[in-house]
Structures are given as C-alpha cells and as structure tokens.
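Trainee: Hey, dropping target31.csv in here, CSV, C-alpha atoms:
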chain,number,residue,atom,x,y,z
H,29,MET,CA,-73.8,-45.9,30.5
H,30,VAL,CA,-70.6,-44.3,31.8
H,31,LEU,CA,-70.9,-42.1,34.9
H,32,VAL,CA,-68.3,-39.8,36.5
H,33,LYS,CA,-67.8,-39.6,40.2
H,34,PRO,CA,-68.0,-36.2,41.9
H,35,PRO,CA,-64.6,-34.4,42.1
H,36,SER,CA,-63.2,-33.5,45.5
H,37,SER,CA,-63.6,-29.9,46.4
H,38,MET,CA,-59.8,-29.4,46.2
H,39,ARG,CA,-59.7,-30.7,42.6
H,40,ALA,CA,-62.7,-28.6,41.7
H,41,ARG,CA,-61.0,-25.4,43.1
H,42,LYS,CA,-57.8,-26.3,41.2
H,43,ALA,CA,-59.6,-26.8,38.0
H,44,LYS,CA,-61.0,-23.2,38.2
H,45,ALA,CA,-57.5,-21.9,38.7
H,46,VAL,CA,-56.0,-23.4,35.5
H,47,GLY,CA,-55.7,-20.9,32.7
H,48,ILE,CA,-56.1,-21.8,29.0
H,49,PRO,CA,-53.6,-20.1,26.7
H,50,GLU,CA,-55.1,-17.4,24.5
H,51,ILE,CA,-53.7,-16.5,21.1
H,52,ASP,CA,-54.6,-13.2,19.5
H,53,LEU,CA,-54.0,-13.5,15.7
H,54,SER,CA,-54.5,-9.8,15.2
H,55,LEU,CA,-51.2,-8.9,16.9
H,56,VAL,CA,-48.7,-7.3,14.5
H,57,ASP,CA,-45.7,-9.0,16.0
H,58,LYS,CA,-46.0,-12.5,14.4
H,59,SER,CA,-42.8,-13.7,15.9
H,60,LYS,CA,-44.3,-13.2,19.4
H,61,VAL,CA,-47.5,-14.9,18.3
H,62,ALA,CA,-45.5,-17.9,16.9
H,63,GLU,CA,-43.6,-18.1,20.2
H,64,LEU,CA,-46.8,-18.1,22.3
H,65,ILE,CA,-48.4,-20.8,20.1
H,66,VAL,CA,-45.3,-23.1,20.4
H,67,GLU,CA,-45.3,-22.5,24.2
H,68,ALA,CA,-49.0,-23.5,24.4
H,69,CYS,CA,-48.4,-26.6,22.3
H,70,GLU,CA,-45.5,-27.7,24.4
H,71,GLU,CA,-47.1,-27.1,27.8
H,72,VAL,CA,-50.8,-28.0,27.2
H,73,GLY,CA,-51.3,-29.0,23.6
H,74,PHE,CA,-54.4,-26.8,23.5
H,75,PHE,CA,-55.1,-23.1,23.1
H,76,LYS,CA,-57.8,-20.6,22.3
H,77,VAL,CA,-57.7,-18.4,19.2
H,78,ILE,CA,-59.3,-14.9,19.1
H,79,ASN,CA,-59.5,-12.3,16.4
H,80,HIS,CA,-59.1,-15.2,13.9
H,81,GLY,CA,-60.7,-13.5,10.9
H,82,VAL,CA,-63.2,-16.2,10.1
H,83,ASN,CA,-66.5,-14.8,8.9
H,84,LYS,CA,-69.2,-15.1,11.5
H,85,VAL,CA,-71.8,-15.7,8.8
H,86,VAL,CA,-69.9,-18.8,7.6
H,87,VAL,CA,-69.9,-20.1,11.2
H,88,SER,CA,-73.5,-19.3,12.0
H,89,ASN,CA,-74.8,-20.8,8.7
H,90,LEU,CA,-73.2,-24.1,9.4
H,91,GLU,CA,-74.5,-24.2,12.9
H,92,ASN,CA,-78.0,-23.4,11.8
H,93,GLU,CA,-77.9,-26.1,9.1
H,94,GLY,CA,-76.7,-28.5,11.7
H,95,LEU,CA,-79.4,-27.7,14.1
H,96,ASP,CA,-82.0,-28.0,11.3
H,97,PHE,CA,-80.7,-31.5,10.5
H,98,PHE,CA,-80.6,-32.8,14.1
H,99,ALA,CA,-84.2,-31.5,14.5
H,100,LYS,CA,-85.4,-33.9,11.8
H,101,THR,CA,-87.2,-37.1,12.6
H,102,SER,CA,-85.2,-40.2,13.3
H,103,THR,CA,-86.3,-41.7,10.0
H,104,GLU,CA,-85.1,-38.7,8.1
H,105,LYS,CA,-81.7,-38.6,9.8
H,106,GLN,CA,-81.2,-42.3,9.3
H,107,ARG,CA,-81.2,-41.6,5.5
H,108,ALA,CA,-77.7,-40.1,6.1
H,109,GLY,CA,-76.5,-43.2,8.1
H,110,PRO,CA,-75.3,-45.4,9.5
H,111,ALA,CA,-71.9,-43.8,9.8
H,112,LYS,CA,-69.3,-46.2,8.2
H,113,PRO,CA,-67.4,-44.0,9.1
H,114,PHE,CA,-69.1,-41.1,7.3
H,115,GLY,CA,-72.7,-40.1,7.7
H,116,TYR,CA,-75.1,-39.9,10.6
H,117,GLY,CA,-74.6,-41.7,13.9
H,118,CYS,CA,-76.4,-41.8,17.2
H,119,LYS,CA,-74.7,-42.9,20.5
H,120,ASN,CA,-72.4,-45.4,18.8
H,121,ILE,CA,-68.9,-43.9,18.2
H,122,GLY,CA,-66.9,-46.0,15.8
H,123,SER,CA,-67.2,-49.7,15.5
H,124,ASN,CA,-65.4,-50.9,18.6
H,125,GLY,CA,-68.1,-50.5,21.3
H,126,ASP,CA,-67.6,-46.9,22.3
H,127,THR,CA,-70.8,-45.0,23.0
H,128,GLY,CA,-71.8,-41.5,24.1
H,129,GLU,CA,-74.9,-39.3,24.7
H,130,LEU,CA,-74.8,-37.6,21.3
H,131,GLU,CA,-75.9,-37.6,17.7
H,132,TYR,CA,-73.4,-36.6,15.0
H,133,LEU,CA,-72.6,-36.1,11.3
H,134,LEU,CA,-69.2,-37.0,10.1
H,135,LEU,CA,-68.3,-35.6,6.7
H,136,HIS,CA,-65.2,-35.8,4.5
H,137,THR,CA,-64.3,-32.4,3.3
H,138,ASN,CA,-63.6,-33.8,-0.2
H,139,PRO,CA,-66.6,-32.3,-2.3
H,140,SER,CA,-67.4,-35.6,-4.1
H,141,SER,CA,-67.5,-37.6,-0.9
H,142,LEU,CA,-69.5,-34.9,0.8
H,143,SER,CA,-72.2,-34.9,-1.9
H,144,GLU,CA,-72.8,-38.6,-1.4
H,145,ILE,CA,-74.0,-37.9,2.2
H,146,THR,CA,-75.7,-34.6,1.7
H,147,ASN,CA,-77.7,-35.9,-1.2
H,148,SER,CA,-79.2,-38.5,1.1
H,149,ILE,CA,-80.7,-35.8,3.3
H,150,LEU,CA,-84.3,-35.0,2.4
H,151,VAL,CA,-84.4,-31.2,2.5
H,152,ASP,CA,-82.1,-28.9,0.6
H,153,PRO,CA,-78.9,-31.0,0.5
H,154,LYS,CA,-77.2,-28.3,-1.4
H,155,GLY,CA,-77.7,-25.9,1.5
H,156,LEU,CA,-75.8,-28.1,3.9
H,157,GLY,CA,-73.2,-29.0,1.3
H,158,ASP,CA,-72.4,-25.3,0.6
H,159,CYS,CA,-72.2,-24.5,4.3
H,160,VAL,CA,-69.8,-27.4,4.9
H,161,ASN,CA,-67.6,-26.4,2.0
H,162,ASN,CA,-67.5,-22.8,3.1
H,163,TYR,CA,-66.7,-23.6,6.7
H,164,SER,CA,-64.1,-26.3,5.7
H,165,LYS,CA,-62.3,-23.8,3.5
H,166,ALA,CA,-62.3,-21.2,6.3
H,167,ALA,CA,-61.1,-23.8,8.9
H,168,ARG,CA,-58.4,-25.1,6.5
H,169,ASP,CA,-57.1,-21.5,6.0
H,170,LEU,CA,-57.0,-20.9,9.7
H,171,THR,CA,-55.3,-24.3,10.2
H,172,CYS,CA,-52.6,-23.5,7.7
H,173,GLU,CA,-52.0,-20.0,9.2
H,174,LEU,CA,-51.5,-21.6,12.6
H,175,LEU,CA,-49.2,-24.4,11.2
H,176,GLU,CA,-47.0,-21.8,9.5
H,177,LEU,CA,-46.7,-19.8,12.7
H,178,ILE,CA,-45.8,-23.1,14.5
H,179,ALA,CA,-43.1,-23.7,11.9
H,180,GLN,CA,-41.8,-20.1,12.5
H,181,GLY,CA,-41.9,-20.6,16.2
H,182,LEU,CA,-39.8,-23.8,15.9
H,183,TRP,CA,-37.3,-22.0,13.7
H,184,ILE,CA,-37.9,-24.4,10.8
H,185,LYS,CA,-36.6,-22.9,7.6
H,186,ASP,CA,-39.5,-24.2,5.4
H,187,LYS,CA,-42.5,-22.5,7.0
H,188,SER,CA,-44.9,-24.6,4.9
H,189,VAL,CA,-43.5,-27.9,6.2
H,190,PHE,CA,-46.8,-28.6,8.1
H,191,SER,CA,-49.3,-26.6,6.1
H,192,LYS,CA,-48.5,-28.1,2.8
H,193,LEU,CA,-49.8,-31.4,4.1
H,194,ILE,CA,-53.2,-29.8,4.5
H,195,ARG,CA,-53.3,-27.5,1.4
H,196,VAL,CA,-53.0,-30.4,-1.1
H,197,VAL,CA,-56.2,-31.4,-2.9
H,198,ASP,CA,-56.2,-35.0,-1.6
H,199,ASN,CA,-55.8,-34.1,2.1
H,200,ASP,CA,-57.9,-36.4,4.3
H,201,SER,CA,-59.4,-33.7,6.5
H,202,VAL,CA,-62.9,-34.3,7.9
H,203,LEU,CA,-65.6,-32.2,9.5
H,204,ARG,CA,-67.7,-33.4,12.4
H,205,LEU,CA,-70.9,-31.9,13.8
H,206,ASN,CA,-71.8,-33.2,17.3
H,207,TYR,CA,-75.2,-32.7,18.9
H,208,TYR,CA,-75.8,-33.3,22.6
H,209,PRO,CA,-79.5,-33.3,23.5
H,210,PRO,CA,-80.6,-31.6,26.7
H,211,LEU,CA,-80.5,-33.9,29.8
H,212,MET,CA,-84.2,-33.3,30.5
H,213,LYS,CA,-84.9,-34.8,27.0
H,214,ALA,CA,-82.5,-37.7,27.6
H,215,ASN,CA,-84.0,-38.5,31.0
H,216,ASN,CA,-87.6,-37.4,30.4
H,217,CYS,CA,-87.8,-35.7,33.8
H,218,GLU,CA,-87.6,-32.3,35.4
H,219,PRO,CA,-84.2,-30.7,36.4
H,220,ALA,CA,-84.9,-31.0,40.1
H,221,GLN,CA,-85.3,-34.8,39.7
H,222,LEU,CA,-81.8,-35.3,38.3
H,223,ASN,CA,-79.1,-36.6,40.7
H,224,TYR,CA,-75.3,-35.8,40.4
H,225,ASP,CA,-74.6,-38.8,38.1
H,226,GLN,CA,-77.4,-37.8,35.7
H,227,HIS,CA,-75.9,-34.3,35.6
H,228,ASN,CA,-72.5,-35.6,34.5
H,229,ARG,CA,-72.9,-38.2,31.8
H,230,ILE,CA,-70.2,-38.8,29.2
H,231,GLY,CA,-71.2,-37.2,26.0
H,232,PHE,CA,-68.0,-38.1,24.1
H,233,GLY,CA,-65.4,-40.2,25.9
H,234,GLU,CA,-61.7,-39.5,26.7
H,235,HIS,CA,-59.4,-39.5,23.7
H,236,SER,CA,-56.8,-37.6,21.7
H,237,ASP,CA,-57.2,-36.6,18.1
H,238,PRO,CA,-55.1,-38.7,15.7
H,239,GLN,CA,-54.8,-36.0,13.0
H,240,ILE,CA,-52.4,-33.0,12.8
H,241,LEU,CA,-54.5,-30.2,14.2
H,242,THR,CA,-58.1,-29.8,15.3
H,243,ILE,CA,-60.2,-26.6,15.0
H,244,PHE,CA,-63.0,-26.7,17.5
H,245,ARG,CA,-66.0,-24.5,18.1
H,246,SER,CA,-69.3,-24.9,20.0
H,247,ASN,CA,-72.4,-22.9,20.8
H,248,ASN,CA,-72.7,-21.2,24.2
H,249,VAL,CA,-73.2,-24.4,26.2
H,250,SER,CA,-70.5,-26.0,28.4
H,251,GLY,CA,-69.3,-29.6,28.4
H,252,LEU,CA,-65.7,-29.7,26.9
H,253,GLN,CA,-62.9,-30.8,29.3
H,254,ILE,CA,-59.2,-31.3,28.8
H,255,CYS,CA,-56.9,-33.5,30.8
H,256,MET,CA,-53.8,-31.9,32.3
H,257,HIS,CA,-50.5,-33.6,33.1
H,258,ASP,CA,-51.6,-34.6,36.7
H,259,ASP,CA,-54.8,-36.2,35.3
H,260,LEU,CA,-56.9,-33.2,36.4
H,261,TRP,CA,-59.9,-32.7,34.2
H,262,VAL,CA,-60.3,-28.9,33.4
H,263,PRO,CA,-63.6,-27.5,32.2
H,264,VAL,CA,-63.2,-25.4,29.1
H,265,PRO,CA,-65.7,-22.4,29.0
H,266,PRO,CA,-67.7,-22.2,25.7
H,267,ALA,CA,-66.6,-19.4,23.4
H,268,PRO,CA,-68.9,-19.3,20.4
H,269,ASN,CA,-67.1,-16.4,18.8
H,270,ASP,CA,-63.7,-18.0,19.0
H,271,PHE,CA,-62.0,-21.3,18.3
H,272,TYR,CA,-60.1,-23.8,20.4
H,273,VAL,CA,-57.2,-25.7,18.9
H,274,PHE,CA,-56.0,-29.1,19.8
H,275,CYS,CA,-52.6,-30.6,18.8
H,276,GLY,CA,-53.2,-34.0,17.3
H,277,ASP,CA,-51.1,-37.2,17.5
H,278,LEU,CA,-49.4,-36.5,14.1
H,279,LEU,CA,-48.1,-33.1,15.3
H,280,HIS,CA,-46.8,-34.8,18.4
H,281,VAL,CA,-44.8,-37.2,16.2
H,282,LEU,CA,-43.7,-34.6,13.7
H,283,THR,CA,-42.3,-32.5,16.6
H,284,ASN,CA,-40.6,-35.6,18.0
H,285,GLY,CA,-42.7,-35.6,21.1
H,286,ARG,CA,-42.1,-31.9,21.8
H,287,PHE,CA,-45.8,-31.0,21.4
H,288,GLN,CA,-48.5,-32.5,23.6
H,289,SER,CA,-51.4,-34.4,22.1
H,290,VAL,CA,-54.0,-33.4,24.7
H,291,ARG,CA,-56.6,-35.8,25.8
H,292,HIS,CA,-60.1,-34.4,26.1
H,293,ARG,CA,-63.8,-35.4,26.6
H,294,VAL,CA,-67.3,-33.9,26.6
H,295,MET,CA,-69.7,-34.1,29.5
H,296,VAL,CA,-73.5,-33.8,29.0
H,297,ASN,CA,-74.5,-31.6,31.9
H,298,SER,CA,-76.8,-29.0,30.6
H,299,PHE,CA,-80.5,-28.4,30.1
H,300,GLU,CA,-79.8,-26.8,26.7
H,301,PRO,CA,-78.8,-28.5,23.5
H,302,ARG,CA,-75.1,-28.3,22.7
H,303,ILE,CA,-73.7,-28.4,19.2
H,304,SER,CA,-70.1,-28.4,18.3
H,305,THR,CA,-68.3,-28.2,15.0
H,306,ILE,CA,-64.9,-29.9,14.7
H,307,TYR,CA,-62.5,-29.7,11.7
H,308,PHE,CA,-59.8,-32.4,11.8
H,309,ALA,CA,-56.9,-31.4,9.6
H,310,ALA,CA,-55.2,-34.5,8.2
H,311,PRO,CA,-52.7,-35.1,5.4
H,312,PRO,CA,-53.2,-37.4,2.4
H,313,ILE,CA,-53.6,-41.1,3.2
H,314,ASN,CA,-50.2,-41.9,1.6
H,315,ALA,CA,-48.3,-39.0,3.3
H,316,TRP,CA,-45.2,-40.1,5.2
H,317,ILE,CA,-45.0,-39.0,8.8
H,318,SER,CA,-41.8,-38.9,10.9
H,319,PRO,CA,-40.0,-36.5,13.3
H,320,LEU,CA,-38.7,-33.5,11.4
H,321,PRO,CA,-34.9,-33.6,11.0
H,322,GLU,CA,-34.6,-30.2,12.6
H,323,LEU,CA,-36.1,-31.5,15.8
H,324,VAL,CA,-33.8,-34.6,16.0
H,325,SER,CA,-30.3,-34.6,17.4
H,326,PRO,CA,-27.9,-37.0,19.1
H,327,GLN,CA,-29.2,-35.6,22.4
H,328,ASN,CA,-32.8,-36.0,21.3
H,329,PRO,CA,-33.0,-38.9,18.9
H,330,ALA,CA,-36.1,-39.8,16.8
H,331,ARG,CA,-38.7,-41.4,19.0
H,332,TYR,CA,-40.9,-42.7,16.2
H,333,ASN,CA,-40.5,-44.8,13.1
H,334,THR,CA,-41.6,-43.5,9.7
H,335,PHE,CA,-45.2,-44.4,8.8
H,336,THR,CA,-48.0,-43.2,6.6
H,337,TRP,CA,-51.1,-41.4,7.8
H,338,GLY,CA,-53.0,-44.4,6.4
H,339,ASP,CA,-51.1,-46.7,8.7
H,340,TYR,CA,-51.8,-44.5,11.7
H,341,LYS,CA,-55.5,-44.0,10.8
H,342,SER,CA,-55.9,-47.8,10.5
H,343,ALA,CA,-54.4,-48.3,13.9
H,344,ALA,CA,-56.7,-45.6,15.4
H,345,TYR,CA,-59.8,-47.2,13.8
H,346,SER,CA,-58.9,-50.7,15.1
H,347,LEU,CA,-58.8,-49.5,18.8
H,348,ARG,CA,-61.2,-48.2,21.4
H,349,LEU,CA,-61.6,-44.4,21.6
H,350,GLY,CA,-59.4,-43.9,24.6
H,351,ASP,CA,-56.6,-46.3,23.6
H,352,SER,CA,-53.2,-44.9,22.8
H,353,ARG,CA,-51.8,-45.7,19.3
H,354,PHE,CA,-48.2,-44.4,19.8
H,355,HIS,CA,-46.7,-47.6,20.9
H,356,PHE,CA,-47.3,-49.2,17.4
H,357,PHE,CA,-44.9,-46.6,15.9
H,358,MET,CA,-42.3,-46.0,18.5
H,359,LYS,CA,-38.6,-46.8,18.0
H,360,ASN,CA,-37.8,-49.6,20.5
H,361,GLN,CA,-34.2,-48.3,20.9
H,362,TYR,CA,-35.3,-44.9,22.1
H,363,PRO,CA,-34.2,-44.7,25.8
H,364,GLY,CA,-37.0,-44.3,28.3
H,365,ASN,CA,-39.6,-44.1,25.5
H,366,LYS,CA,-43.1,-43.9,27.1
H,367,ILE,CA,-46.5,-43.7,25.7
H,368,VAL,CA,-47.4,-40.0,25.8
H,369,ALA,CA,-50.8,-38.3,25.7
Would you mind writing the structure in this file as structure tokens?
Mentor:
Amino acid sequence: MVLVKPPSSMRARKAKAVGIPEIDLSLVDKSKVAELIVEACEEVGFFKVINHGVNKVVVSNLENEGLDFFAKTSTEKQRAGPAKPFGYGCKNIGSNGDTGELEYLLLHTNPSSLSEITNSILVDPKGLGDCVNNYSKAARDLTCELLELIAQGLWIKDKSVFSKLIRVVDNDSVLRLNYYPPLMKANNCEPAQLNYDQHNRIGFGEHSDPQILTIFRSNNVSGLQICMHDDLWVPVPPAPNDFYVFCGDLLHVLTNGRFQSVRHRVMVNSFEPRISTIYFAAPPINAWISPLPELVSPQNPARYNTFTWGDYKSAAYSLRLGDSRFHFFMKNQYPGNKIVA
C-alpha cells in the first residue's frame, strides 16, 4: 500500500493559492477563448471547461449506470473482467505491478469492441452500452471543439489538424469509469479511528496521459490532484457540472514540447464513494505523430522523432504507471533535451 506523508503547512497554504485556468466556451469572442486555452496548455497543461453544452442527462445517465454496475456483487462484476486491458478491474492497474484503491471499467469507444464487454454484464447490457455511446459522442465533440480552438490559438492554418485524428472512425479513444469506495468501507472502521495515512491513500498513482487530450469529470467528491512545476501537488475541487481537461503526451509532442503533459493522481480521502468518468481521445493506431512543421524552426528544432500512436501506446503499456515514455522518441541531437512531464 502506498501512503503519502503529511504536507508542510507552507506547502498546504501554497496549494490553496494556486488557481486553475477556467475556460468559458459560451464566450462570443472565440479568438480570445483560443488564446486562453493555449495559455493554459502552455503554463499548466490543464484547465476547467464551463458552459460546454454537453447535455446533463447524458452525463447523469452514464454516472447512474456506472454506480449500478459497481454496486453489483463481485461475482457479477468479474463477468466483465479481468481487464486485458478492457473490461472490469479491481486494484490492479495495468500488468506491471501498479495498484490503487479503486475499481474500474475500461471500455473502447468502438461500438463492436464495447458490445463484447457490455454483453458480459448480467443486467441490461444495452443500457450501459447506449449510455457509453452517447457520452463518448458528446465527449468526442467537445474534444474536437477544443482541439480546433487550440489550432486557432496556435495560428495553424488547418484548424482540423488535431481534431481530424479523433473524428476518424478508427480512432483509438477509450472511456474509463473509476470507482473509489469510501474509506470506512475500505478500512472497516469508524471515521474517528482513521489516522492521517488512512485518510490519504493513493487511489490512482502519479502519471501523465499518453493520448492527445483527456476529458475528465467526477461526482461531487474530492480526490484529484495535479503536479505543478515545482513538484507541488495541488488539489482540484470537484465540479460535477463541468469538465476538466488534461493535455496528453501526444499533444506535447505535436506542439514540439510547447504544451505541458501534466502529471496527476487521485487520493482516496473521503467517506463517500467517488466515481469519475474519463474520455481519452486518441488517434488511430497507425496514425503518425511528430511535431507540427508550423511549430518547428531553426531556433526551435524538432525535439521528437516521428512515430505511430501504436509505437507510443506499446511503450506506455510496457512501463510502470509513473514512468516517462518520452525518452524513447526524443531526437538525440536536440540540444539540452530533457524528459518533460
């Protein structure tokens, strides 16, 4: 079990003072919105989206289906597992020894792949499948809107340069539902009996997301933290009506290191169950990834070699959760190249 030491009072005060960029998609001036998104991606690699236009019913339906699934008996849930990598998992994250205080469902957004998992679930697999399809479509549309604003903010002529990687039918995007049981249930004791370490267990360990962009939402229970440049872990307040967005490793590469691929983790520190829904936007397996020509110059040469998403995905799956994958794909001749994020 991984435990976290108590932060110093100075670091705790500093954490509270850090602001999280907030993007209002309802603003009429899209040039300003694009500018703010690029600024957030450069400085933090993370931002909050409000007035996003995603139907609340689509969001709540998936959350309710997820809660219904995780409330099933262990025997019933195991019918959808083990996760290899798709399906139901409990505590084990991947195949390289990473663990956390959670249960999860990992689903490919491809309808045929999705049906293989949902059909193994006893009660109304169509209900879960429909909710996942509806949510995935809404999350994909939001992702593409954000990616086109990013292209606009970077002054790239082809505004679909990023979004077309996600819009194609054979994109490799996945949806993950994470469920973190209450600490009382995990410890089988009363709240007053829990010490500091039991209040601060690792639910999902430190990592960056390997894909292009991540659309994240949780219920109204805290736990998410992001790592700032000075290794300060900043708690992110839950916002069940909004979305948080993470820049992924591929977007870091496509922007030639200009955007940050933010590291984050989840702490289990509540007496209420926490459920989060995460859409990972990824290109097709055979899509070629390299720094965009518009973002490369003699003064800022390409930092990365050209590779496929399949190459990068294989590297990610071969490593521990918190390991960096960038060094496999860096150009050796780039002066002062360092592993970022």
Trainee: Go ahead and compute the interatomic distance for atom CA of H:Phe354 and atom CA of H:His280, in Å to one decimal.
Mentor: 9.8 Å
Trainee: For H:Met358, which residue among H:Asn333, H:Thr171, H:Ser298, H:Ser123 is the nearest when counting all atoms listed in the file?
Mentor: H:Asn333
Trainee: Let me make sure I understand: among H:Tyr207, H:Ile230, H:Phe244, H:Tyr116, which one has the smallest atom-to-atom distance to H:Ser102 if we use all atoms listed in the file?
Mentor: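 Residue with the minimum atom-to-atom distance to H:Ser102: H:Tyr116.
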Trainee: Within 9 Å of H:Ala344, counting only C-alpha atoms, which residues qualify if same-chain residues fewer than 5 places away don't, as a short mmCIF file (atom, residue, chain, number, x, y, z; two decimals) with C-alpha atoms, keeping the file's coordinate frame?
Mentor:
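The resulting file, selection_25.cif, is shown below:
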data_model
loop_
_atom_site.label_atom_id
_atom_site.label_comp_id
_atom_site.auth_asym_id
_atom_site.auth_seq_id
_atom_site.Cartn_x
_atom_site.Cartn_y
_atom_site.Cartn_z
CA PRO H 238 -55.10 -38.70 15.70
CA ASP H 339 -51.10 -46.70 8.70
CA LEU H 349 -61.60 -44.40 21.60
CA ASP H 351 -56.60 -46.30 23.60
CA SER H 352 -53.20 -44.90 22.80
CA ARG H 353 -51.80 -45.70 19.30
#
Trainee: Excluding same-chain residues fewer than 4 positions from H:Gly285, what lies within 10 Å of it counting only C-alpha atoms, as a list in words?
Mentor: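 Close residues of H:Gly285: Glu70, Asp277, Leu278, Leu279, His280, Val281, Ser289, Pro319, Leu323, Asn328, Ala330, Arg331, Tyr332, Val368 and Ala369 of chain H.
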Trainee: Figure out the distance between atom CA of H:Glu322 and atom CA of H:Gln180, please, to one decimal in Å.
Mentor: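 Atom CA of H:Glu322 lies at a distance of 12.4 Å from atom CA of H:Gln180.
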Trainee: I'd like the neighbourhood of H:Val273 as a PyMOL selection string, where a residue qualifies if any of its atoms comes within 10 Å (using all atoms listed in the file), though same-chain residues fewer than 2 positions away should be ignored.
Mentor: chain H and resi 69+73-77+171+174+241-245+271+275-276+306-307
Trainee: To one decimal place, how far is atom CA of H:Asp198 from atom CA of H:Pro311 in Å?
Mentor: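 So the two atoms, atom CA of H:Asp198 and atom CA of H:Pro311, lie 7.8 Å apart.
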Trainee: Point out the residue among H:Asn199, H:Thr127, H:Ser188, H:Asn248 with the least atom-to-atom distance to H:Arg168, counting all atoms listed in the file.
Mentor: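 For H:Arg168, the nearest of the candidates is H:Asn199.
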Trainee: Identify, on the basis of all atoms listed in the file, every residue whose closest approach to H:Arg302 does not exceed 12 Å; exclude the query and any residue fewer than 2 positions from it along the same chain; express the result as a PyMOL selection string.
Mentor: chain H and resi 91+94-95+98+129-132+205-211+231+245-252+266+268+294-300+304-305
Trainee: Fewer than 2 positions away in the same chain doesn't count, so skip those; otherwise give me all residues within 8 Å of H:Leu53, counting all atoms listed in the file, as a PyMOL selection string.
Mentor: chain H and resi 51+55+61+77-80
Trainee: Check the smallest atom-to-atom distance from each of H:Gln253, H:Leu90, H:Asp96, H:Val324 to H:Tyr272 using only C-alpha atoms, then report the winner.
Mentor: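 Between H:Gln253, H:Leu90, H:Asp96, H:Val324, the residue approaching H:Tyr272 most closely is H:Gln253.
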Trainee: Using only C-alpha atoms for the distances, tell me which of H:Glu67, H:Glu50, H:Asp270, H:Asp200 is nearest to H:Ile178.
Mentor: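 For H:Ile178, the nearest of the given residues is H:Glu67.
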